[in-house]
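> This is the content of structure-v2.pdb (PDB, C-alpha atoms, pLDDT in the B column):
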```pdb
ATOM      1  CA  MET A  77      -7.907   0.424 -14.045  1.00 58.00           C
ATOM      2  CA  ASP A  78     -11.576  -0.177 -13.375  1.00 65.00           C
ATOM      3  CA  THR A  79     -12.976  -0.972 -16.763  1.00 71.00           C
ATOM      4  CA  GLY A  80     -16.329  -2.392 -15.686  1.00 78.00           C
ATOM      5  CA  LEU A  81     -15.722  -5.639 -17.571  1.00 84.00           C
ATOM      6  CA  THR A  82     -16.481  -9.137 -16.401  1.00 87.00           C
ATOM      7  CA  ALA A  83     -13.661 -11.641 -15.837  1.00 88.00           C
ATOM      8  CA  ALA A  84     -14.293 -13.313 -19.186  1.00 87.00           C
ATOM      9  CA  GLU A  85     -14.375  -9.965 -20.974  1.00 86.00           C
ATOM     10  CA  SER A  86     -11.143  -8.956 -19.244  1.00 88.00           C
ATOM     11  CA  ARG A  87      -9.462 -12.082 -20.547  1.00 90.00           C
ATOM     12  CA  GLU A  88     -10.634 -11.298 -24.061  1.00 88.00           C
ATOM     13  CA  LEU A  89      -9.314  -7.756 -23.679  1.00 87.00           C
ATOM     14  CA  ASP A  90      -5.958  -9.047 -22.433  1.00 90.00           C
ATOM     15  CA  GLN A  91      -5.653 -11.273 -25.483  1.00 91.00           C
ATOM     16  CA  ARG A  92      -6.368  -8.355 -27.781  1.00 89.00           C
ATOM     17  CA  LEU A  93      -3.893  -6.151 -25.943  1.00 89.00           C
ATOM     18  CA  GLN A  94      -1.196  -8.785 -26.287  1.00 92.00           C
ATOM     19  CA  LYS A  95      -1.757  -8.921 -30.038  1.00 92.00           C
ATOM     20  CA  ARG A  96      -1.668  -5.139 -30.109  1.00 90.00           C
ATOM     21  CA  GLN A  97       1.609  -5.082 -28.180  1.00 90.00           C
ATOM     22  CA  VAL A  98       3.254  -7.377 -30.710  1.00 93.00           C
ATOM     23  CA  LYS A  99       2.034  -5.108 -33.501  1.00 91.00           C
ATOM     24  CA  GLU A 100       3.345  -2.053 -31.682  1.00 90.00           C
ATOM     25  CA  PHE A 101       6.729  -3.640 -31.159  1.00 91.00           C
ATOM     26  CA  MET A 102       6.961  -4.317 -34.888  1.00 93.00           C
ATOM     27  CA  ASN A 103       6.051  -0.672 -35.520  1.00 90.00           C
ATOM     28  CA  LEU A 104       8.717   0.460 -33.090  1.00 91.00           C
ATOM     29  CA  PHE A 105      11.254  -1.741 -34.860  1.00 94.00           C
ATOM     30  CA  GLY A 106      10.248  -0.370 -38.251  1.00 94.00           C
ATOM     31  CA  ASN A 107      10.478   3.230 -37.102  1.00 93.00           C
ATOM     32  CA  LEU A 108      13.872   2.528 -35.599  1.00 95.00           C
ATOM     33  CA  VAL A 109      15.205   1.139 -38.866  1.00 96.00           C
ATOM     34  CA  ASP A 110      13.774   4.023 -40.891  1.00 95.00           C
ATOM     35  CA  ASN A 111      15.049   6.625 -38.479  1.00 95.00           C
ATOM     36  CA  CYS A 112      18.560   5.265 -37.970  1.00 97.00           C
ATOM     37  CA  PHE A 113      19.096   4.353 -41.600  1.00 97.00           C
ATOM     38  CA  THR A 114      18.019   7.822 -42.716  1.00 96.00           C
ATOM     39  CA  ALA A 115      20.206   9.533 -40.147  1.00 96.00           C
ATOM     40  CA  CYS A 116      23.303   7.384 -40.533  1.00 97.00           C
ATOM     41  CA  VAL A 117      23.572   6.010 -44.036  1.00 96.00           C
ATOM     42  CA  ASP A 118      24.237   8.238 -47.015  1.00 92.00           C
ATOM     43  CA  ASP A 119      27.348   6.816 -48.643  1.00 91.00           C
ATOM     44  CA  PHE A 120      26.479   4.586 -51.544  1.00 94.00           C
ATOM     45  CA  THR A 121      29.947   4.160 -53.011  1.00 95.00           C
ATOM     46  CA  SER A 122      29.900   0.757 -51.358  1.00 94.00           C
ATOM     47  CA  LYS A 123      27.431  -2.087 -50.808  1.00 95.00           C
ATOM     48  CA  ALA A 124      28.497  -2.714 -47.215  1.00 96.00           C
ATOM     49  CA  LEU A 125      27.985  -0.459 -44.233  1.00 96.00           C
ATOM     50  CA  SER A 126      31.148   1.440 -43.390  1.00 96.00           C
ATOM     51  CA  GLY A 127      32.654   1.449 -39.902  1.00 96.00           C
ATOM     52  CA  ARG A 128      31.357   4.964 -39.403  1.00 96.00           C
ATOM     53  CA  GLU A 129      27.846   3.980 -40.453  1.00 96.00           C
ATOM     54  CA  ASN A 130      27.892   0.894 -38.223  1.00 96.00           C
ATOM     55  CA  GLY A 131      28.933   2.927 -35.209  1.00 97.00           C
ATOM     56  CA  CYS A 132      26.321   5.549 -35.959  1.00 97.00           C
ATOM     57  CA  ILE A 133      23.572   2.931 -36.208  1.00 97.00           C
ATOM     58  CA  SER A 134      24.584   1.354 -32.876  1.00 97.00           C
ATOM     59  CA  ARG A 135      24.568   4.710 -31.149  1.00 97.00           C
ATOM     60  CA  CYS A 136      21.280   5.578 -32.801  1.00 97.00           C
ATOM     61  CA  VAL A 137      19.652   2.401 -31.454  1.00 97.00           C
ATOM     62  CA  MET A 138      20.990   3.009 -27.940  1.00 97.00           C
ATOM     63  CA  LYS A 139      19.875   6.608 -27.917  1.00 97.00           C
ATOM     64  CA  SER A 140      16.466   5.801 -29.393  1.00 97.00           C
ATOM     65  CA  MET A 141      15.800   3.246 -26.687  1.00 96.00           C
ATOM     66  CA  SER A 142      16.832   5.677 -23.952  1.00 97.00           C
ATOM     67  CA  THR A 143      14.547   8.259 -25.524  1.00 97.00           C
ATOM     68  CA  GLN A 144      11.677   5.767 -25.599  1.00 96.00           C
ATOM     69  CA  THR A 145      12.192   4.957 -21.918  1.00 96.00           C
ATOM     70  CA  ARG A 146      12.401   8.555 -20.799  1.00 97.00           C
ATOM     71  CA  LEU A 147       9.400   9.681 -22.814  1.00 97.00           C
ATOM     72  CA  GLY A 148       7.475   6.651 -21.599  1.00 96.00           C
ATOM     73  CA  GLU A 149       7.959   7.848 -18.032  1.00 97.00           C
ATOM     74  CA  ARG A 150       7.003  11.443 -18.830  1.00 97.00           C
ATOM     75  CA  PHE A 151       3.971  10.283 -20.812  1.00 97.00           C
ATOM     76  CA  GLY A 152       2.746   8.155 -17.926  1.00 96.00           C
ATOM     77  CA  GLU A 153       3.018  11.076 -15.506  1.00 96.00           C
ATOM     78  CA  LEU A 154       1.402  13.582 -17.848  1.00 96.00           C
ATOM     79  CA  ASN A 155      -1.379  11.225 -18.899  1.00 94.00           C
ATOM     80  CA  ALA A 156      -2.222  10.459 -15.270  1.00 94.00           C
ATOM     81  CA  ALA A 157      -2.289  14.168 -14.457  1.00 94.00           C
ATOM     82  CA  MET A 158      -4.511  14.892 -17.436  1.00 91.00           C
ATOM     83  CA  SER A 159      -6.930  12.093 -16.504  1.00 90.00           C
ATOM     84  CA  ASN A 160      -7.117  13.413 -12.956  1.00 91.00           C
ATOM     85  CA  GLU A 161      -7.855  16.899 -14.210  1.00 88.00           C
ATOM     86  CA  LEU A 162     -10.581  15.615 -16.484  1.00 85.00           C
ATOM     87  CA  SER A 163     -12.266  13.535 -13.821  1.00 87.00           C
ATOM     88  CA  ASN A 164     -12.092  16.445 -11.382  1.00 87.00           C
ATOM     89  CA  LYS A 165     -13.819  18.658 -13.917  1.00 81.00           C
ATOM     90  CA  ASN A 166     -16.587  16.095 -14.322  1.00 78.00           C
ATOM     91  CA  ILE A 167     -17.360  15.908 -10.613  1.00 70.00           C
TER      92      ILE A 167
ATOM     93  CA  MET B  96     -16.016   4.340 -17.771  1.00 54.00           C
ATOM     94  CA  SER B  97     -19.721   4.157 -17.095  1.00 57.00           C
ATOM     95  CA  PHE B  98     -22.658   3.661 -19.353  1.00 58.00           C
ATOM     96  CA  LEU B  99     -25.787   5.473 -18.213  1.00 63.00           C
ATOM     97  CA  GLY B 100     -28.716   3.350 -19.374  1.00 58.00           C
ATOM     98  CA  PHE B 101     -31.559   5.855 -19.504  1.00 66.00           C
ATOM     99  CA  GLY B 102     -33.665   3.368 -21.407  1.00 68.00           C
ATOM    100  CA  LYS B 103     -31.146   2.833 -24.204  1.00 72.00           C
ATOM    101  CA  PRO B 104     -30.247  -0.775 -25.015  1.00 80.00           C
ATOM    102  CA  GLN B 105     -27.305  -1.963 -22.896  1.00 81.00           C
ATOM    103  CA  PRO B 106     -23.958  -2.205 -24.724  1.00 82.00           C
ATOM    104  CA  THR B 107     -23.128  -5.746 -25.711  1.00 87.00           C
ATOM    105  CA  SER B 108     -20.137  -7.583 -24.349  1.00 86.00           C
ATOM    106  CA  ALA B 109     -18.277  -7.051 -27.597  1.00 86.00           C
ATOM    107  CA  GLU B 110     -19.031  -3.341 -27.508  1.00 88.00           C
ATOM    108  CA  ARG B 111     -17.768  -3.013 -23.952  1.00 87.00           C
ATOM    109  CA  ILE B 112     -14.501  -4.782 -24.766  1.00 88.00           C
ATOM    110  CA  SER B 113     -14.025  -2.694 -27.904  1.00 89.00           C
ATOM    111  CA  ALA B 114     -14.676   0.499 -25.995  1.00 88.00           C
ATOM    112  CA  VAL B 115     -11.865  -0.206 -23.534  1.00 88.00           C
ATOM    113  CA  GLU B 116      -9.571  -1.416 -26.306  1.00 89.00           C
ATOM    114  CA  ASN B 117     -10.205   1.748 -28.298  1.00 90.00           C
ATOM    115  CA  GLU B 118      -9.535   3.974 -25.348  1.00 89.00           C
ATOM    116  CA  LEU B 119      -6.171   2.286 -24.834  1.00 90.00           C
ATOM    117  CA  LYS B 120      -5.495   2.487 -28.565  1.00 91.00           C
ATOM    118  CA  VAL B 121      -6.018   6.251 -28.538  1.00 92.00           C
ATOM    119  CA  VAL B 122      -3.584   6.622 -25.642  1.00 93.00           C
ATOM    120  CA  ALA B 123      -0.992   4.395 -27.304  1.00 92.00           C
ATOM    121  CA  GLU B 124      -1.229   6.346 -30.552  1.00 93.00           C
ATOM    122  CA  MET B 125      -0.742   9.622 -28.738  1.00 95.00           C
ATOM    123  CA  HIS B 126       2.339   8.163 -27.056  1.00 95.00           C
ATOM    124  CA  SER B 127       3.756   7.003 -30.366  1.00 94.00           C
ATOM    125  CA  ARG B 128       3.193  10.383 -32.030  1.00 95.00           C
ATOM    126  CA  MET B 129       4.787  12.181 -29.126  1.00 97.00           C
ATOM    127  CA  VAL B 130       7.905  10.011 -29.272  1.00 96.00           C
ATOM    128  CA  LYS B 131       8.281  10.568 -32.996  1.00 94.00           C
ATOM    129  CA  ILE B 132       7.857  14.336 -32.808  1.00 96.00           C
ATOM    130  CA  CYS B 133       9.957  14.925 -29.720  1.00 97.00           C
ATOM    131  CA  THR B 134      12.740  12.780 -31.153  1.00 96.00           C
ATOM    132  CA  LEU B 135      12.668  14.961 -34.249  1.00 95.00           C
ATOM    133  CA  LYS B 136      12.748  18.151 -32.224  1.00 96.00           C
ATOM    134  CA  CYS B 137      15.233  17.216 -29.540  1.00 97.00           C
ATOM    135  CA  ILE B 138      17.653  14.535 -30.638  1.00 97.00           C
ATOM    136  CA  ASP B 139      20.849  15.365 -32.485  1.00 94.00           C
ATOM    137  CA  LYS B 140      20.675  13.518 -35.785  1.00 94.00           C
ATOM    138  CA  THR B 141      24.406  12.970 -36.099  1.00 95.00           C
ATOM    139  CA  TYR B 142      24.307  10.360 -33.309  1.00 96.00           C
ATOM    140  CA  ARG B 143      27.836  11.069 -32.170  1.00 96.00           C
ATOM    141  CA  GLU B 144      26.972   9.639 -28.765  1.00 95.00           C
ATOM    142  CA  GLY B 145      25.003   6.550 -27.785  1.00 96.00           C
ATOM    143  CA  GLU B 146      23.672   8.179 -24.648  1.00 96.00           C
ATOM    144  CA  LEU B 147      21.266  11.026 -24.146  1.00 97.00           C
ATOM    145  CA  ALA B 148      23.034  14.306 -23.464  1.00 97.00           C
ATOM    146  CA  LYS B 149      21.778  16.380 -20.556  1.00 97.00           C
ATOM    147  CA  GLY B 150      20.394  19.002 -22.922  1.00 97.00           C
ATOM    148  CA  GLU B 151      18.563  16.374 -24.937  1.00 97.00           C
ATOM    149  CA  SER B 152      17.040  14.845 -21.785  1.00 98.00           C
ATOM    150  CA  VAL B 153      15.773  18.192 -20.584  1.00 98.00           C
ATOM    151  CA  CYS B 154      14.444  18.966 -24.058  1.00 98.00           C
ATOM    152  CA  LEU B 155      12.535  15.660 -24.117  1.00 98.00           C
ATOM    153  CA  ASP B 156      10.937  16.369 -20.727  1.00 98.00           C
ATOM    154  CA  ARG B 157       9.830  19.819 -21.808  1.00 98.00           C
ATOM    155  CA  CYS B 158       8.702  18.583 -25.197  1.00 98.00           C
ATOM    156  CA  ALA B 159       6.440  15.987 -23.552  1.00 97.00           C
ATOM    157  CA  ALA B 160       4.931  18.573 -21.209  1.00 97.00           C
ATOM    158  CA  LYS B 161       4.289  21.046 -24.028  1.00 97.00           C
ATOM    159  CA  PHE B 162       2.880  18.299 -26.225  1.00 97.00           C
ATOM    160  CA  PHE B 163       0.266  17.493 -23.616  1.00 96.00           C
ATOM    161  CA  GLU B 164      -0.551  21.128 -22.998  1.00 96.00           C
ATOM    162  CA  SER B 165      -0.945  21.694 -26.745  1.00 97.00           C
ATOM    163  CA  HIS B 166      -3.173  18.634 -26.961  1.00 96.00           C
ATOM    164  CA  GLN B 167      -5.475  19.999 -24.274  1.00 94.00           C
ATOM    165  CA  LYS B 168      -5.504  23.529 -25.615  1.00 95.00           C
ATOM    166  CA  ILE B 169      -6.295  22.360 -29.126  1.00 96.00           C
ATOM    167  CA  SER B 170      -8.980  20.023 -27.847  1.00 93.00           C
ATOM    168  CA  GLU B 171     -10.726  22.849 -25.990  1.00 94.00           C
ATOM    169  CA  GLN B 172     -10.402  25.317 -28.816  1.00 95.00           C
ATOM    170  CA  LEU B 173     -11.590  22.806 -31.397  1.00 95.00           C
ATOM    171  CA  GLN B 174     -14.690  22.064 -29.354  1.00 94.00           C
ATOM    172  CA  LYS B 175     -15.419  25.757 -28.979  1.00 95.00           C
ATOM    173  CA  GLU B 176     -14.883  26.566 -32.636  1.00 94.00           C
ATOM    174  CA  THR B 177     -16.842  23.561 -33.833  1.00 94.00           C
ATOM    175  CA  ALA B 178     -19.797  24.550 -31.664  1.00 94.00           C
ATOM    176  CA  ALA B 179     -19.559  28.187 -32.766  1.00 92.00           C
ATOM    177  CA  ARG B 180     -19.538  27.173 -36.399  1.00 90.00           C
ATOM    178  CA  GLY B 181     -22.789  25.288 -36.115  1.00 85.00           C
ATOM    179  CA  GLY B 182     -21.703  21.978 -34.655  1.00 76.00           C
ATOM    180  CA  GLY B 183     -20.865  20.198 -37.896  1.00 62.00           C
ATOM    181  CA  MET B 184     -17.478  20.082 -39.513  1.00 61.00           C
ATOM    182  CA  GLY B 185     -18.768  19.853 -43.054  1.00 58.00           C
ATOM    183  CA  PHE B 186     -19.104  16.075 -42.936  1.00 52.00           C
TER     184      PHE B 186
END
```
Could I get this file's structure written as structure tokens?


Amino acid sequence: MDTGLTAAESRELDQRLQKRQVKEFMNLFGNLVDNCFTACVDDFTSKALSGRENGCISRCVMKSMSTQTRLGERFGELNAAMSNELSNKNI
Amino acid sequence: MSFLGFGKPQPTSAERISAVENELKVVAEMHSRMVKICTLKCIDKTYREGELAKGESVCLDRCAAKFFESHQKISEQLQKETAARGGGMGF
């Protein structure tokens, strides 16, 4: 991506992006917990997760990560197409 | 991204870095929103399986495409309506 930044500015940007990536990973983790807990856990007759709940949570994590991957691919394609369209309009 | 001088003061280094960072931030936020919404709309909440079913995969692909199309349509319409209503949005 041609951002028009100098080498030093690029380095600064990279540092910021790294920090942002860590933050985003933590967000992803949080959403995963919220989502899978809400979907899988609703039996409060016990303090410990039941076998059913454990299995559900595992499957939820697996499926969520597959979803993330697939949507990441689609997003990349669609975003690139949209950017192309926009820059063609501006010509 | 280009900055057309036209006699205005040149953007500072910090401004240039922030501009790129913000652009990436906007894209990342859109991605995150799309994942959340399409998961809600397409993924079976009982998590009986740990893998994406064929129907779910297809739904995700279509959801992503429609999300982008909606984004563009709303963007265009919002611009039109905002201009028609006198440019301001009551801010």

> Any chance you could resolve the ChimeraX specification (/A :<6) & /B against this file and give the residues as a PDB file with C-alpha atoms, keeping the file's coordinate frame?


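Resulting contents of expr_36.pdb:
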```
ATOM      1  CA  LYS B 140      20.675  13.518 -35.785  1.00 94.00           C
ATOM      2  CA  TYR B 142      24.307  10.360 -33.309  1.00 96.00           C
ATOM      3  CA  GLU B 144      26.972   9.639 -28.765  1.00 95.00           C
ATOM      4  CA  GLY B 145      25.003   6.550 -27.785  1.00 96.00           C
ATOM      5  CA  GLU B 146      23.672   8.179 -24.648  1.00 96.00           C
ATOM      6  CA  LEU B 147      21.266  11.026 -24.146  1.00 97.00           C
TER       7      LEU B 147
END
```

> Rounded to one decimal in Å, what is the spacing between CA of Thr134 (chain B) and CA of Val122 (chain B)?

18.3 Å

> So, counting all atoms listed in the file, which residue among B:Lys149, B:Ala109, B:Cys154, B:Ala114 is closest to Cys133 (chain B)?

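Closest to Cys133 (chain B) of all the choices is B:Cys154.
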
> So what do you get for CA of Leu155 (chain B) versus CA of Met129 (chain B), distance-wise?

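Computing the Euclidean distance for CA of Leu155 (chain B) and CA of Met129 (chain B) yields 9.9 Å.
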
> For Lys136 (chain B), list every protein, DNA or RNA residue within 12 Å, evaluated using all atoms listed in the file, and leave out those in the same chain fewer than 5 positions away; present the list as a VMD selection string.

chain B and resid 129 to 131 151 to 152 154 to 159 162

> Just write the chosen residues, C-alpha atoms, as a PDB file, in the frame of the given file.


```pdb
ATOM      1  CA  MET B 129       4.787  12.181 -29.126  1.00 97.00           C
ATOM      2  CA  VAL B 130       7.905  10.011 -29.272  1.00 96.00           C
ATOM      3  CA  LYS B 131       8.281  10.568 -32.996  1.00 94.00           C
ATOM      4  CA  GLU B 151      18.563  16.374 -24.937  1.00 97.00           C
ATOM      5  CA  SER B 152      17.040  14.845 -21.785  1.00 98.00           C
ATOM      6  CA  CYS B 154      14.444  18.966 -24.058  1.00 98.00           C
ATOM      7  CA  LEU B 155      12.535  15.660 -24.117  1.00 98.00           C
ATOM      8  CA  ASP B 156      10.937  16.369 -20.727  1.00 98.00           C
ATOM      9  CA  ARG B 157       9.830  19.819 -21.808  1.00 98.00           C
ATOM     10  CA  CYS B 158       8.702  18.583 -25.197  1.00 98.00           C
ATOM     11  CA  ALA B 159       6.440  15.987 -23.552  1.00 97.00           C
ATOM     12  CA  PHE B 162       2.880  18.299 -26.225  1.00 97.00           C
TER      13      PHE B 162
END
```

> What is the distance, in Å and to one decimal place, between CA of Glu110 (chain B) and CA of Ala123 (chain B)?

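Spanning CA of Glu110 (chain B) to CA of Ala123 (chain B) is a straight-line distance of 19.6 Å.
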
> Which one of A:Met102, A:Leu108, A:Leu162, A:Val117 sits closest to Gln167 (chain B) if you count all atoms listed in the file?

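Ranking A:Met102, A:Leu108, A:Leu162, A:Val117 by distance to Gln167 (chain B), first place goes to A:Leu162.
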